[in-house]
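Worksheet for the structure shown next.
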Amino acid sequence: GRELPRQAPAPPRARGAGRDHSLVLPLVSLAMSIPLTAVSASLAGPGGVLFVWLALVVLNVAYMHRPRRD
């Protein structure tokens, strides 16, 4: 009979390669928003709060649209 070619074994996956870390930055930025808002409100007023929240929004949007490594 005719023998089928053997497939090479798949290389071992890197540690943590199958994990999805897509929620880490949004959750950390949400947790950090509370103290950052309090500090900016007490030191800089409404303008500081607006700046902090705009920075958090820009950071999260940039993270959402980052190039994916596959």
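Every chain in the structure tokens has a letter given in the order shown (A, B, ...), and although residue numbers restart at 1 in each chain, ligands are simply numbered from 1 in the order shown.
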
**Message:** List the spatial neighbours of segment 49-64 of chain A as a ChimeraX atom specification - criterion: any atom at most 6 Å away, only C-alpha atoms, same-chain residues fewer than 5 positions off excluded.
**Reply:** /A:37,40-41

**Asked** When you draw a straight line from atom CA of Leu25 of chain A to atom CA of His65 of chain A, how long is it in Å?
**Response**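 It comes out at 12.9 Å.
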
**Request:** Tell me, in Å to one decimal, how far atom CA of Leu36 of chain A is from atom CA of Pro67 of chain A.
**Result:**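 Computing it gives 28.0 Å between the two atoms.
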